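Comments concern the structure below.
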Amino acid sequence: MSFSPLGLPAYLLDTLEKQKFTKAYPIQEMAIPAVLEGKDLLGIAQTGSGKTASYVLPILANLEKVTTRVARHVEVLVLVPTRELAVQVEGVFKLYGKSLPFRFKSLAVYGGASINVQMQALPKVNVLVATPGRLLDLISVNAVQLSAVKTLVLDEADKMLNLGFKDEMDKILTFLPEKRQNLLFSATLSPNVENVRNVLLEDPLVINIAPEEKTVDLINQSAYSVTLAQKGPLLRHLIKAKKMRQVLVFTSSVYQADQVASKLSKNRFSSAAIHGKKSQGARSQALSDFKTGKVRVLVATDLLARGIDIEFLPFVINYELPRSPKDFVHRIGRTGRAENPGEAISFVTEEDRHHFKVIQKKMKKWVDLVDGEETTRLLEG
Ligand code: AMP
């Protein structure tokens, strides 16, 4: 998609054109309209995804709306873990900031460089990109005020936490106004990042651009040879035997999704179906019940699965295989997380055998298949 429909002002579009950025990257396509609207955002994305421009561009566009400016008060604060990233991010602000039709100044501050030079450069700065330690030093000498910050960005949050900046980050948050926009970017969604996300973000847009090929390696995969009649009993057996408290089950048709969910409910497994034939209200309800644990099993078709913004699931079951290997990777990718790999289980009928081979070949990963006799034994035992 080109940048023009995303809502950016013409002066930024001109700079993008000069840069020869003709197409928006997926993260930019999703993030730019949301950030322009003032929404909070959680971006699970690595360097190379285009994440920097995805927040720099709408932040610059929003600066035009800021009418009251106070000396030594910054309007945008970007916290980063390293000096290198600070310089890099500020460079992007500077590049696009040049075209703004109003006065604009950005600055990077980080440790290991003269604090005096940074202090002198601070007045009239709108966008400050900082490493946490140096920012606290500057606050302690009253060189900068954060009480007018409209937007906070935490970039590479996982790295920031791994480097032990949690206390500094918490302290910095106490200097910020309560009402503000928060954007959190992280390459992974570790439990630590989850914690930050929970205190920081309000009803965020979640964008997950984690490379799927990589996540596949993190998933424990298995497959069962089944007959059509064994699918239902095997599903119930696995939910019980593996003590699944939250599991996403995929079917390939709306009809099957409804059937599977209704059969589970009859067997006293709390479940709901989510697919394109349900009303928006029913879908939101099912999803929110699933997230809060009221519903244990969510049965979904591929179409809807893409819109489910749950970043991590412990279990995914392919009750029916998807036609496309890409969809298969997308389905099971919902469980891949470095710190806590999930499990993906596929049901494979005799007719599916060949197709399952194609999927594995495309995925470049071979999955152990429990044979039919073993499946039967499991269900009888
Ligand atoms: P980032 O993930 O923000 O570190 O960006 C990765 C690289 O992609 C940087 O060198 C950007 O200049 C470049 N880049 C970002 N967005 C685009 C785009 N839409 N088209 C082409 N290159 C881009």
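As shown in the structure tokens, the chain order sets the letters A, B, ...; within each chain, residues go from 1, and ligands are also counted from 1 in the order they appear.
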
**Asked** Which residues sit within 7 Å of ligand 1, counting only C-alpha atoms and all ligand atoms, listed as an NGL selection string?
**Response** :A and (21-25 or 46-53)

**stretch 348-364 of chain A surroundings by only C-alpha atoms, 6 Å radius, close-in-sequence under 4 positions cut, as a ChimeraX atom specification** = /A:224-227,325

**Request:** Please indicate the distance in Å from atom CA of A:Thr376 to atom CA of A:His237, rounded to one decimal place.
**Result:**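 The value is 11.5 Å.
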
**Message:** Applying 7 Å and only C-alpha atoms, which residues near A:Val127 remain after dropping the ones on its own chain fewer than 6 positions away? List them as a list in words.
**Reply:** Val74, Glu75, Val76, Leu77, Lys105, Ser106 and Leu107 of chain A

**Request:** Compile the contact shell of A:Leu60 as a ChimeraX atom specification: residues with an atom at most 12 Å away, counting only C-alpha atoms, same-chain residues fewer than 5 positions apart removed.
**Result:** /A:8-9,11-12,32,35-36,53-55,65-66,75-76,92-106,126-127,150-151

Write to file, as a CSV table (one decimal), in the first residue's frame, the residues of the selection just made, with C-alpha atoms.
chain,number,residue,atom,x,y,z
A,8,LEU,CA,-0.3,11.8,6.8
A,9,PRO,CA,0.0,15.5,5.8
A,11,TYR,CA,4.7,17.7,3.7
A,12,LEU,CA,5.6,14.3,5.1
A,32,ILE,CA,0.3,5.3,11.3
A,35,VAL,CA,-1.0,6.8,16.2
A,36,LEU,CA,-2.5,9.7,14.3
A,53,ALA,CA,9.1,5.4,10.7
A,54,SER,CA,5.8,3.8,11.9
A,55,TYR,CA,5.9,6.0,15.0
A,65,LYS,CA,-1.9,20.0,16.9
A,66,VAL,CA,0.0,21.0,20.0
A,75,GLU,CA,6.3,17.1,24.0
A,76,VAL,CA,7.5,13.7,22.9
A,92,VAL,CA,14.9,9.7,11.6
A,93,PHE,CA,13.0,12.5,13.5
A,94,LYS,CA,15.5,15.0,12.1
A,95,LEU,CA,15.1,13.7,8.6
A,96,TYR,CA,11.3,14.0,8.5
A,97,GLY,CA,11.2,17.0,10.8
A,98,LYS,CA,13.0,19.1,8.2
A,99,SER,CA,9.8,19.3,6.2
A,100,LEU,CA,7.5,20.5,9.0
A,101,PRO,CA,5.8,23.8,8.4
A,102,PHE,CA,6.5,24.9,12.0
A,103,ARG,CA,9.4,25.2,14.3
A,104,PHE,CA,10.7,21.8,15.3
A,105,LYS,CA,13.7,20.5,17.2
A,106,SER,CA,14.7,17.0,18.3
A,126,ASN,CA,10.0,19.1,21.2
A,127,VAL,CA,11.2,15.5,20.7
A,150,LYS,CA,1.9,14.1,25.0
A,151,THR,CA,3.4,10.9,23.7

**Proximity to A:Asp258 - best of A:Asn220, A:Gln88, A:Ser2, A:Thr301, only C-alpha atoms** =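 Closest residue, counting only C-alpha atoms: A:Thr301.
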
**Item:** Non-local contacts of A:Pro322 (9 Å; only C-alpha atoms; under 4 positions in same chain excluded) as a PyMOL selection string
**Value:** chain A and resi 250-252+302+318+326-328+331

Could you write out the selected residues, including C-alpha atoms, as a CSV table (one decimal), in the first residue's frame?
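Below is the file that was written, out_20.csv:
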chain,number,residue,atom,x,y,z
A,250,PHE,CA,-9.1,-24.1,14.0
A,251,THR,CA,-11.7,-25.5,11.5
A,252,SER,CA,-11.9,-24.8,7.8
A,302,ASP,CA,-8.8,-18.8,9.4
A,318,ASN,CA,-5.7,-27.8,13.9
A,326,LYS,CA,1.0,-20.1,4.8
A,327,ASP,CA,-2.2,-20.2,6.9
A,328,PHE,CA,-0.9,-23.2,8.8
A,331,ARG,CA,-2.2,-20.4,12.8

**Asked** So which residues of stretch 98-193 of chain A fall under strand (DSSP E) by DSSP, listed as number ranges by chain?
**Response** A: 106-109, 127-130, 151-154, 181-186

Produce a file of the selected residues containing N, CA and C atoms, as a short mmCIF file (atom, residue, chain, number, x, y, z; two decimals), in the first residue's frame.
data_model
loop_
_atom_site.label_atom_id
_atom_site.label_comp_id
_atom_site.auth_asym_id
_atom_site.auth_seq_id
_atom_site.Cartn_x
_atom_site.Cartn_y
_atom_site.Cartn_z
N SER A 106 14.61 18.33 17.56
CA SER A 106 14.75 17.04 18.25
C SER A 106 16.17 16.93 18.80
N LEU A 107 16.33 16.07 19.79
CA LEU A 107 17.65 15.91 20.39
C LEU A 107 17.79 14.50 20.96
N ALA A 108 18.99 13.95 20.81
CA ALA A 108 19.28 12.66 21.44
C ALA A 108 20.19 12.90 22.64
N VAL A 109 19.85 12.31 23.79
CA VAL A 109 20.73 12.41 24.97
C VAL A 109 21.03 11.01 25.48
N VAL A 127 11.05 16.99 20.68
CA VAL A 127 11.16 15.53 20.73
C VAL A 127 12.50 15.15 21.33
N LEU A 128 12.45 14.48 22.47
CA LEU A 128 13.68 14.07 23.12
C LEU A 128 13.82 12.56 23.05
N VAL A 129 14.94 12.10 22.52
CA VAL A 129 15.22 10.67 22.46
C VAL A 129 16.32 10.41 23.48
N ALA A 130 16.05 9.52 24.45
CA ALA A 130 16.98 9.43 25.58
C ALA A 130 17.19 8.01 26.06
N THR A 151 3.23 12.27 24.16
CA THR A 151 3.42 10.90 23.67
C THR A 151 4.73 10.34 24.22
N LEU A 152 4.61 9.12 24.76
CA LEU A 152 5.79 8.41 25.25
C LEU A 152 6.01 7.19 24.35
N VAL A 153 7.25 7.01 23.93
CA VAL A 153 7.58 5.81 23.15
C VAL A 153 8.64 5.02 23.92
N LEU A 154 8.40 3.73 24.11
CA LEU A 154 9.46 2.87 24.63
C LEU A 154 9.89 1.98 23.47
N GLN A 181 -0.30 9.59 25.40
CA GLN A 181 -0.34 8.44 24.48
C GLN A 181 0.93 7.61 24.72
N ASN A 182 0.76 6.28 24.76
CA ASN A 182 1.91 5.41 24.99
C ASN A 182 2.11 4.43 23.84
N LEU A 183 3.34 4.35 23.36
CA LEU A 183 3.65 3.42 22.29
C LEU A 183 4.80 2.53 22.76
N LEU A 184 4.57 1.23 22.69
CA LEU A 184 5.56 0.29 23.21
C LEU A 184 6.02 -0.62 22.07
N PHE A 185 7.31 -0.66 21.85
CA PHE A 185 7.84 -1.55 20.80
C PHE A 185 8.82 -2.54 21.42
N SER A 186 8.72 -3.79 20.99
CA SER A 186 9.59 -4.81 21.54
C SER A 186 9.74 -5.92 20.51
#

**Prompt:** Looking at A:Gln19, A:Gly38, A:Gly372, A:Met244, which one is nearest to A:Asp203, with distances taken over only C-alpha atoms?
**Reply:**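 Selected residue with least distance to A:Asp203: A:Gly38.
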
**Asked** Pick from A:Ser265, A:Thr335, A:Gln230, A:Ser190: nearest to A:Leu379, with only C-alpha atoms counted?
**Response** A:Gln230

**Message:** Can you pull out the residues contacting A:Pro233? Cut-off 12 Å, using only C-alpha atoms, and skip same-chain residues under 3 positions away; I want them as a list in words.
**Reply:**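 Neighbouring residues, sequence-local ones excluded: Val226, Thr227, Leu228, Ala229, Gln230, Arg236, His237, Leu238, Ile239, Lys240, Ala241, Val260, Lys263, Leu264, Asn267, Tyr319, Phe347, Thr375, Thr376, Leu378, Leu379 and Glu380 of chain A.
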
**Request:** Can you work out which one of A:Lys291, A:Arg334, A:Lys171, A:Lys159 has the shortest atom-to-atom distance to A:Ala187, counting only C-alpha atoms?
**Result:**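 Among A:Lys291, A:Arg334, A:Lys171, A:Lys159, it is A:Lys159 that comes nearest to A:Ala187.
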
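Nearest-residue note for A:Ile274: choosing from A:Gly381, A:Glu90, A:Ile115, A:Ala261, the minimum distance belongs to A:Ala261, counting only C-alpha atoms.
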
**Message:** Which residues are close to A:Arg283, i.e. within 12 Å by only C-alpha atoms, leaving aside same-chain residues fewer than 2 positions away? Reply as a PyMOL selection string.
**Reply:** chain A and resi 272-281+285-290+298-300+304-305+307-308

Those same residues, written as a compact mmCIF listing (two decimals), in the first residue's frame with all heavy atoms?
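Okay, this is what ended up in part35.txt:
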# COMPACT_ATOMS: atom_id res chain seq x y z
N ALA A 272 -16.67 -21.31 22.57
CA ALA A 272 -17.40 -20.38 21.71
C ALA A 272 -16.80 -20.46 20.32
O ALA A 272 -15.63 -20.80 20.16
CB ALA A 272 -17.26 -18.96 22.24
N ALA A 273 -17.64 -20.16 19.33
CA ALA A 273 -17.14 -20.16 17.95
C ALA A 273 -17.02 -18.71 17.48
O ALA A 273 -17.79 -17.84 17.89
CB ALA A 273 -18.10 -20.91 17.04
N ILE A 274 -16.02 -18.48 16.66
CA ILE A 274 -15.82 -17.12 16.14
C ILE A 274 -15.55 -17.24 14.64
O ILE A 274 -14.65 -17.94 14.22
CB ILE A 274 -14.70 -16.41 16.94
CG1 ILE A 274 -14.54 -14.96 16.55
CG2 ILE A 274 -13.37 -17.11 16.86
CD1 ILE A 274 -13.73 -14.17 17.58
N HIS A 275 -16.41 -16.61 13.87
CA HIS A 275 -16.24 -16.67 12.41
C HIS A 275 -17.02 -15.54 11.76
O HIS A 275 -17.76 -14.81 12.43
CB HIS A 275 -16.69 -18.04 11.87
CG HIS A 275 -18.05 -18.45 12.30
ND1 HIS A 275 -19.17 -17.76 11.94
CD2 HIS A 275 -18.46 -19.47 13.12
CE1 HIS A 275 -20.23 -18.35 12.49
NE2 HIS A 275 -19.82 -19.38 13.23
N GLY A 276 -16.85 -15.43 10.45
CA GLY A 276 -17.42 -14.31 9.71
C GLY A 276 -18.93 -14.21 9.69
O GLY A 276 -19.48 -13.17 9.37
N LYS A 277 -19.62 -15.29 10.05
CA LYS A 277 -21.09 -15.23 10.01
C LYS A 277 -21.66 -14.74 11.34
O LYS A 277 -22.87 -14.59 11.48
CB LYS A 277 -21.65 -16.64 9.71
CG LYS A 277 -21.31 -17.13 8.32
CD LYS A 277 -22.55 -17.10 7.40
CE LYS A 277 -22.18 -17.10 5.93
NZ LYS A 277 -21.57 -18.34 5.48
N LYS A 278 -20.78 -14.55 12.33
CA LYS A 278 -21.27 -14.03 13.62
C LYS A 278 -21.27 -12.51 13.58
O LYS A 278 -20.44 -11.90 12.90
CB LYS A 278 -20.33 -14.47 14.74
CG LYS A 278 -20.30 -15.96 14.94
CD LYS A 278 -20.79 -16.31 16.32
CE LYS A 278 -21.02 -17.80 16.38
NZ LYS A 278 -21.53 -18.27 17.62
N SER A 279 -22.16 -11.91 14.35
CA SER A 279 -22.19 -10.45 14.39
C SER A 279 -20.94 -9.94 15.09
O SER A 279 -20.30 -10.67 15.84
CB SER A 279 -23.42 -9.98 15.17
OG SER A 279 -23.24 -10.27 16.54
N GLN A 280 -20.63 -8.67 14.83
CA GLN A 280 -19.46 -8.06 15.47
C GLN A 280 -19.56 -8.18 16.99
O GLN A 280 -18.60 -8.48 17.68
CB GLN A 280 -19.33 -6.61 15.03
CG GLN A 280 -18.04 -5.94 15.44
CD GLN A 280 -16.80 -6.68 14.94
OE1 GLN A 280 -16.72 -7.05 13.78
NE2 GLN A 280 -15.86 -6.96 15.83
N GLY A 281 -20.77 -7.95 17.50
CA GLY A 281 -20.98 -8.02 18.95
C GLY A 281 -20.68 -9.40 19.50
O GLY A 281 -20.00 -9.55 20.51
N GLN A 285 -17.66 -10.43 22.06
CA GLN A 285 -18.01 -11.10 23.32
C GLN A 285 -17.23 -12.40 23.47
O GLN A 285 -16.63 -12.68 24.51
CB GLN A 285 -19.52 -11.39 23.34
CG GLN A 285 -20.02 -11.94 24.67
CD GLN A 285 -19.83 -10.93 25.81
OE1 GLN A 285 -20.14 -9.77 25.66
NE2 GLN A 285 -19.26 -11.38 26.93
N ALA A 286 -17.20 -13.22 22.39
CA ALA A 286 -16.50 -14.51 22.44
C ALA A 286 -15.02 -14.29 22.73
O ALA A 286 -14.42 -14.97 23.56
CB ALA A 286 -16.68 -15.24 21.11
N LEU A 287 -14.46 -13.30 22.07
CA LEU A 287 -13.03 -13.04 22.24
C LEU A 287 -12.73 -12.56 23.65
O LEU A 287 -11.77 -13.00 24.29
CB LEU A 287 -12.60 -11.99 21.21
CG LEU A 287 -11.12 -11.84 20.99
CD1 LEU A 287 -10.51 -13.17 20.61
CD2 LEU A 287 -10.85 -10.81 19.90
N SER A 288 -13.57 -11.68 24.16
CA SER A 288 -13.30 -11.17 25.49
C SER A 288 -13.52 -12.27 26.54
O SER A 288 -12.77 -12.38 27.50
CB SER A 288 -14.12 -9.90 25.75
OG SER A 288 -15.07 -10.11 26.74
N ASP A 289 -14.51 -13.14 26.33
CA ASP A 289 -14.70 -14.27 27.25
C ASP A 289 -13.51 -15.23 27.21
O ASP A 289 -13.11 -15.80 28.22
CB ASP A 289 -15.97 -15.06 26.88
CG ASP A 289 -17.23 -14.29 27.25
OD1 ASP A 289 -17.11 -13.27 27.97
OD2 ASP A 289 -18.32 -14.70 26.82
N PHE A 290 -12.94 -15.37 26.03
CA PHE A 290 -11.78 -16.26 25.88
C PHE A 290 -10.57 -15.66 26.59
O PHE A 290 -9.83 -16.34 27.31
CB PHE A 290 -11.49 -16.44 24.39
CG PHE A 290 -10.39 -17.41 24.07
CD1 PHE A 290 -10.43 -18.72 24.52
CD2 PHE A 290 -9.32 -17.03 23.27
CE1 PHE A 290 -9.42 -19.63 24.21
CE2 PHE A 290 -8.31 -17.92 22.94
CZ PHE A 290 -8.36 -19.22 23.42
N LEU A 298 -11.76 -21.66 22.14
CA LEU A 298 -12.29 -20.79 21.10
C LEU A 298 -12.10 -21.51 19.78
O LEU A 298 -11.00 -21.92 19.43
CB LEU A 298 -11.55 -19.45 21.09
CG LEU A 298 -12.14 -18.36 20.21
CD1 LEU A 298 -13.52 -17.92 20.72
CD2 LEU A 298 -11.23 -17.14 20.16
N VAL A 299 -13.21 -21.69 19.05
CA VAL A 299 -13.13 -22.40 17.77
C VAL A 299 -13.24 -21.36 16.66
O VAL A 299 -14.21 -20.60 16.62
CB VAL A 299 -14.26 -23.44 17.65
CG1 VAL A 299 -14.01 -24.33 16.43
CG2 VAL A 299 -14.34 -24.31 18.91
N ALA A 300 -12.24 -21.32 15.79
CA ALA A 300 -12.19 -20.23 14.82
C ALA A 300 -11.90 -20.72 13.41
O ALA A 300 -11.30 -21.77 13.21
CB ALA A 300 -11.09 -19.24 15.23
N LEU A 304 -11.09 -15.26 10.56
CA LEU A 304 -11.21 -14.50 11.79
C LEU A 304 -9.95 -14.56 12.63
O LEU A 304 -9.64 -13.64 13.38
CB LEU A 304 -12.40 -15.02 12.59
CG LEU A 304 -13.63 -14.16 12.54
CD1 LEU A 304 -13.43 -12.96 13.44
CD2 LEU A 304 -13.93 -13.67 11.13
N ALA A 305 -9.19 -15.62 12.48
CA ALA A 305 -8.01 -15.81 13.32
C ALA A 305 -7.04 -14.66 13.16
O ALA A 305 -6.37 -14.24 14.09
CB ALA A 305 -7.32 -17.11 12.94
N GLY A 307 -7.64 -11.64 12.89
CA GLY A 307 -7.99 -10.45 13.65
C GLY A 307 -7.94 -10.65 15.16
O GLY A 307 -8.23 -9.74 15.91
N ILE A 308 -7.59 -11.84 15.59
CA ILE A 308 -7.59 -12.09 17.03
C ILE A 308 -6.31 -11.53 17.65
O ILE A 308 -5.23 -11.99 17.34
CB ILE A 308 -7.70 -13.61 17.32
CG1 ILE A 308 -9.04 -14.14 16.81
CG2 ILE A 308 -7.55 -13.90 18.81
CD1 ILE A 308 -9.19 -15.64 16.96

**Request:** One decimal, Å: what's the distance from atom CA of A:Lys365 over to atom CA of A:Ile332, could you say?
**Result:**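 So the two atoms, atom CA of A:Lys365 and atom CA of A:Ile332, lie 12.6 Å apart.
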
**Message:** DSSP on the backbone: which residues in stretch 99-143 of chain A end up as helix (DSSP H, G or I)? Give the answer as an NGL selection string.
**Reply:** :A and (115-121 or 132-140)

**Request:** In Å, rounded to a single decimal, give me how far atom CA of A:Met160 is from atom CA of A:Thr82.
**Result:** 8.2 Å

**Request:** May I ask which of the residues A:Val247, A:Ile345, A:Val367, A:Val78 is the closest one to A:Asp155, counting only C-alpha atoms?
**Result:**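 Smallest distance to A:Asp155 is found for A:Val78.
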